[in-house]
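Single-structure report; data block below.
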Amino acid sequence: MKTIVAFHFEMLPRPGQTSRECLAAVRGELSDWVGGIFRGLGVHDLQLPFDGSCVEPAPEHEVLTEEHTCATHQTVVLNWRFTDPRMPAIGWSFTGTVVCDNRTVAVELVVKAGWHSCGLRPLNVALSAGNPLSSLARLRDKLMLGWKCQLAGQPIPTRARPLRKNQVDAFAREVLLNPKRVLPVVLMKLGGPVKIDLDSLHNLQGHLLGLAHVAGLLDEPAVDRLAKVLGPKVFAKEAVLRVYWPGLLQDDLPQSHPFQTWEQLQQNLKTGPLPRILLDLLSPVSAEQSGEAPRFFEAFQAVEHACAAVPRADPSVAERLAAAEAEAERARQAQQRLERESQAGQRRLEGLLDELADLRAQVVALRADRPEVKSEELAAELERAWDENARLRQDWEAARRQAVELETDFRNYLDSSALLWEAPDAPNTAAPFVAAGGRGPATVADALRSAAAEFADILTVWDDAERSAEQCSFGSPAKVFQALEAIAVVGRAYFKARHGGPPLGPMDRAFLSHVPFKYTCFESPTTLGIFGAERVFHRGGQSRQMQRHLTLGGGTTNNCLQLYFDFDNATQRVLIGYCGRHLPFARQRT
């Protein structure tokens, strides 16, 4: 089979965590990832025993899991094979291998594909949206961002490295010319024709996590300094993008490390976004290295020798013993659960009794100190105490709801990197809204009112949205209605997914499948620090900061319209907070 994608790295256990505890945590993440995919396929509560057995959760799917331990090493393997119904002639395989010694944990995540039948024909496939393995990047991010990771002893960067002149020498010495470097370096020249801000540079590093370092020369003095340090052979000033492979020498041939000029990069960007271009270059190189780490060989050899030294038992006896041990473990867990529930109930009862005793003591003290106080006043005091208790409970409920919303946003953020090998779908080309009589909305306010009536089941338009729409002179009101329709459609799918329906997937892709407008899920910290008040919208006595928005149009802010909205999980509705001229932001031209 042909290796399509591969990630391999080493993980350092967290402080206070042993290498075997770290391996157990990684095994749990592997199981959760595979189980989440099968939940999307309609298979719930998938159990992976890691005992060498094979389970078939769905037709054409087989998952083999095994785990072995000896005195010095431990190994875990999850191998999942399946056939994609859209391409029945091709078989897919995912193998997650985790091994540890007494110090570190090594991980390899490999996706392979191959023809089911023999034939000398090329295999040109990529991970697409419908493939169950398309979310592999999400598992990679969870592992690499949750632990300190390295490759061959070298740290794996999680943030891009912006470079000014005074930082160039150290970067060249520590990274570019370091003979121990094992990852390629993607170097970009910023400040000229390439308009990429630091957030986008860090985002690019996120796409290439585990595959490359990403660095950016911020200005001409930095470019001049690196040219002087490296020399003309391996640094071309006309290059805006260059990939330096490990083992860089200052007398290397220029073609040893590919670069692109601005004209070449513009031409290549017509075939796809920059992350996709770089992934197409780097992923095959990483795939070639899979299975070659000596640490895996050492671990499997150690557990194999340990297993060979143990005399084989009667299979029937071993099976009965394993079943008895499993039943005993289930009974132990049930007993512990009942004990915890009993203790929690006892604590709640004791707390209620303490509260009642306190109230009685307060009443007695109040009567002793103020004999003139009537029973009505005592009742009023108790009523105020209960009101305060109710208010505190409401505050707690509000905080809990906010935590749930933040968790949902975080999951959507993780999902946004799940399909990083897939080109975006073509935007919906449906005709814009046309009202009865053959005419579209005449103004932005007309479009907003029409959408509010058409999608009244899901949209709630706030006062600030109505005011901003009245004041907006955006020239394409029909596009505003089209954007509001997309928000309604995605909103319905969002709330269905939250209640066990089909998964929504990355939010930006959900919008891109309906409209060609730019969707942004959050504002930069700089913009919020300067213009955060402009993102707080109102309806009656309610106020709420909203960051999700669609941007229509281009050029100056006068020619752009923005729609700010948010999902209200409490009411199951989408709140439209703003519909008007582009709001100010941190990097706008003045």
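Within each chain, counting starts at residue 1; across the structure tokens, chains are named A, B, ... in the order shown, with ligands numbered 1 upward in that order.
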All alpha helix (DSSP H) residues (DSSP, backbone) inside stretch 152-305 of chain A, as a PDB file with C-alpha atoms, in the first residue's frame:
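part24.pdb, written as the output of this step:
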ATOM      1  CA  LYS A 165      17.563  41.918  11.654  1.00  0.00           C
ATOM      2  CA  ASN A 166      18.877  41.369  15.177  1.00  0.00           C
ATOM      3  CA  GLN A 167      17.333  37.876  15.306  1.00  0.00           C
ATOM      4  CA  VAL A 168      18.662  36.561  11.993  1.00  0.00           C
ATOM      5  CA  ASP A 169      22.124  35.421  13.127  1.00  0.00           C
ATOM      6  CA  ALA A 170      20.767  33.296  15.981  1.00  0.00           C
ATOM      7  CA  PHE A 171      18.110  31.781  13.697  1.00  0.00           C
ATOM      8  CA  LEU A 198       1.673  37.374  12.038  1.00  0.00           C
ATOM      9  CA  ASP A 199      -1.639  35.628  12.809  1.00  0.00           C
ATOM     10  CA  SER A 200      -1.651  34.108   9.314  1.00  0.00           C
ATOM     11  CA  LEU A 201       1.999  33.095   9.694  1.00  0.00           C
ATOM     12  CA  HIS A 202       1.220  31.271  12.962  1.00  0.00           C
ATOM     13  CA  ASN A 203      -1.835  29.708  11.300  1.00  0.00           C
ATOM     14  CA  LEU A 204       0.410  28.381   8.523  1.00  0.00           C
ATOM     15  CA  GLN A 205       2.654  26.806  11.170  1.00  0.00           C
ATOM     16  CA  GLY A 206      -0.461  25.143  12.601  1.00  0.00           C
ATOM     17  CA  HIS A 207      -1.221  23.553   9.222  1.00  0.00           C
ATOM     18  CA  GLU A 220      14.328  44.446   4.204  1.00  0.00           C
ATOM     19  CA  PRO A 221      17.065  44.797   6.862  1.00  0.00           C
ATOM     20  CA  ALA A 222      16.320  41.217   7.951  1.00  0.00           C
ATOM     21  CA  VAL A 223      16.470  40.066   4.315  1.00  0.00           C
ATOM     22  CA  ASP A 224      19.811  41.810   3.754  1.00  0.00           C
ATOM     23  CA  ARG A 225      21.266  40.322   6.914  1.00  0.00           C
ATOM     24  CA  LEU A 226      20.274  36.746   6.068  1.00  0.00           C
ATOM     25  CA  ALA A 227      21.638  37.182   2.544  1.00  0.00           C
ATOM     26  CA  LYS A 228      24.964  38.181   4.053  1.00  0.00           C
ATOM     27  CA  VAL A 229      24.988  35.307   6.571  1.00  0.00           C
ATOM     28  CA  LEU A 230      24.046  32.540   4.096  1.00  0.00           C
ATOM     29  CA  TRP A 262       6.433  36.367  -6.352  1.00  0.00           C
ATOM     30  CA  GLU A 263       5.376  35.696  -9.953  1.00  0.00           C
ATOM     31  CA  GLN A 264       5.771  31.927  -9.521  1.00  0.00           C
ATOM     32  CA  LEU A 265       3.881  31.951  -6.208  1.00  0.00           C
ATOM     33  CA  GLN A 266       1.013  33.922  -7.760  1.00  0.00           C
ATOM     34  CA  GLN A 267       0.741  31.331 -10.518  1.00  0.00           C
ATOM     35  CA  ASN A 268       0.829  28.408  -8.060  1.00  0.00           C
ATOM     36  CA  LEU A 269      -1.820  29.975  -5.824  1.00  0.00           C
ATOM     37  CA  LEU A 274      -0.742  28.112   0.257  1.00  0.00           C
ATOM     38  CA  PRO A 275      -1.136  25.490   3.051  1.00  0.00           C
ATOM     39  CA  ARG A 276      -2.295  22.947   0.474  1.00  0.00           C
ATOM     40  CA  ILE A 277       0.668  23.724  -1.824  1.00  0.00           C
ATOM     41  CA  LEU A 278       3.155  23.213   1.002  1.00  0.00           C
ATOM     42  CA  LEU A 279       1.403  20.077   2.264  1.00  0.00           C
ATOM     43  CA  ASP A 280       1.609  18.566  -1.223  1.00  0.00           C
ATOM     44  CA  LEU A 281       5.366  19.184  -1.088  1.00  0.00           C
ATOM     45  CA  LEU A 282       6.062  18.084   2.497  1.00  0.00           C
ATOM     46  CA  SER A 283       3.573  15.243   3.139  1.00  0.00           C
ATOM     47  CA  PRO A 284       5.173  12.777   0.665  1.00  0.00           C
ATOM     48  CA  VAL A 285       8.581  13.427   2.240  1.00  0.00           C
ATOM     49  CA  SER A 286       7.214  12.663   5.707  1.00  0.00           C
ATOM     50  CA  ALA A 287       5.408   9.593   4.346  1.00  0.00           C
ATOM     51  CA  GLU A 288       8.722   8.168   3.098  1.00  0.00           C
ATOM     52  CA  PRO A 294      14.746   2.593  15.588  1.00  0.00           C
ATOM     53  CA  ARG A 295      12.774   3.215  18.788  1.00  0.00           C
ATOM     54  CA  PHE A 296       9.804   1.254  17.417  1.00  0.00           C
ATOM     55  CA  PHE A 297      12.027  -1.671  16.452  1.00  0.00           C
ATOM     56  CA  GLU A 298      13.640  -1.754  19.909  1.00  0.00           C
ATOM     57  CA  ALA A 299      10.287  -1.673  21.715  1.00  0.00           C
ATOM     58  CA  PHE A 300       8.673  -4.430  19.630  1.00  0.00           C
ATOM     59  CA  GLN A 301      11.786  -6.601  19.883  1.00  0.00           C
ATOM     60  CA  ALA A 302      11.828  -6.221  23.677  1.00  0.00           C
ATOM     61  CA  VAL A 303       8.172  -7.187  24.188  1.00  0.00           C
ATOM     62  CA  GLU A 304       8.510 -10.037  21.664  1.00  0.00           C
ATOM     63  CA  HIS A 305      11.408 -11.551  23.610  1.00  0.00           C
TER      64      HIS A 305
END
Practice problem: Would you list the contacts of stretch 231-236 of chain A as a ChimeraX atom specification, taking every protein, DNA or RNA residue within 9 Å and counting only C-alpha atoms, but skipping same-chain residues closer than 2 positions in sequence? | Solution: /A:226-229,238-240,242,244,248-257,259
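For the set A:Leu552, A:Leu459, A:Leu241, A:Val214, the residue with the smallest atom-to-atom gap to A:Gly192 is A:Leu241, counting only C-alpha atoms.
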Quiz item: Neighbours of stretch 482-484 of chain A within 10 Å (only C-alpha atoms; same-chain residues fewer than 4 positions away dropped), as a VMD selection string?
Solution: chain A and resid 430 to 433 447 to 448 450 to 452 454 to 455 459 477 to 478 488 to 490 511 514 to 517 550 to 552 562 to 563 565 576 579
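Going from atom CA of A:Gly505 to atom CA of A:Val110 covers 22.5 Å.
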Quiz prompt | DSSP strand (DSSP E) residues within stretch 27-255 of chain A, as a ChimeraX atom specification | solution = /A:54-55,61-69,74-83,90-100,105-115,148-151,154-155,161-163,185-189,213-217,239-244
Contact residues around A:Val55 with only C-alpha atoms at 10 Å, ignoring same-chain residues under 6 positions, as a short mmCIF file (atom, residue, chain, number, x, y, z; two decimals) with N, CA and C atoms, in the first residue's frame:
data_model
loop_
_atom_site.label_atom_id
_atom_site.label_comp_id
_atom_site.auth_asym_id
_atom_site.auth_seq_id
_atom_site.Cartn_x
_atom_site.Cartn_y
_atom_site.Cartn_z
N LEU A 46 -18.35 2.42 20.86
CA LEU A 46 -17.40 1.45 20.32
C LEU A 46 -16.38 1.09 21.40
N GLN A 47 -16.20 -0.22 21.64
CA GLN A 47 -15.26 -0.71 22.64
C GLN A 47 -14.04 -1.29 21.92
N LEU A 48 -12.86 -0.76 22.25
CA LEU A 48 -11.61 -1.25 21.67
C LEU A 48 -10.82 -1.94 22.79
N PRO A 49 -10.70 -3.28 22.75
CA PRO A 49 -10.16 -4.01 23.91
C PRO A 49 -8.64 -3.99 24.02
N HIS A 61 -15.48 -2.43 7.60
CA HIS A 61 -14.56 -1.80 8.55
C HIS A 61 -14.05 -2.85 9.52
N GLU A 62 -12.74 -2.91 9.72
CA GLU A 62 -12.12 -3.80 10.69
C GLU A 62 -11.12 -3.00 11.52
N VAL A 63 -11.18 -3.17 12.83
CA VAL A 63 -10.26 -2.47 13.73
C VAL A 63 -9.58 -3.50 14.61
N LEU A 64 -8.26 -3.61 14.47
CA LEU A 64 -7.45 -4.52 15.28
C LEU A 64 -6.68 -3.69 16.31
N THR A 65 -6.78 -4.05 17.57
CA THR A 65 -6.05 -3.33 18.63
C THR A 65 -5.29 -4.34 19.48
N TRP A 80 -6.73 0.15 11.58
CA TRP A 80 -8.11 0.26 11.08
C TRP A 80 -8.08 0.18 9.56
#
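The closest residue to A:Pro13, picked from A:Thr460, A:Thr104, A:Thr75, A:Gln362 and counting only C-alpha atoms, is A:Thr104.
Shortest separation to A:Gly210 among A:Leu187, A:Ala6, A:Ile37, A:Leu23 occurs at residue A:Ala6, atoms counted being only C-alpha atoms.
Going from atom CA of A:Trp115 over to atom CA of A:Leu127, you cover 15.4 Å.
Distances to A:Arg467 were evaluated for A:Cys149, A:Tyr578, A:Arg492, A:Ile530 using only C-alpha atoms, and the minimum falls at A:Tyr578.
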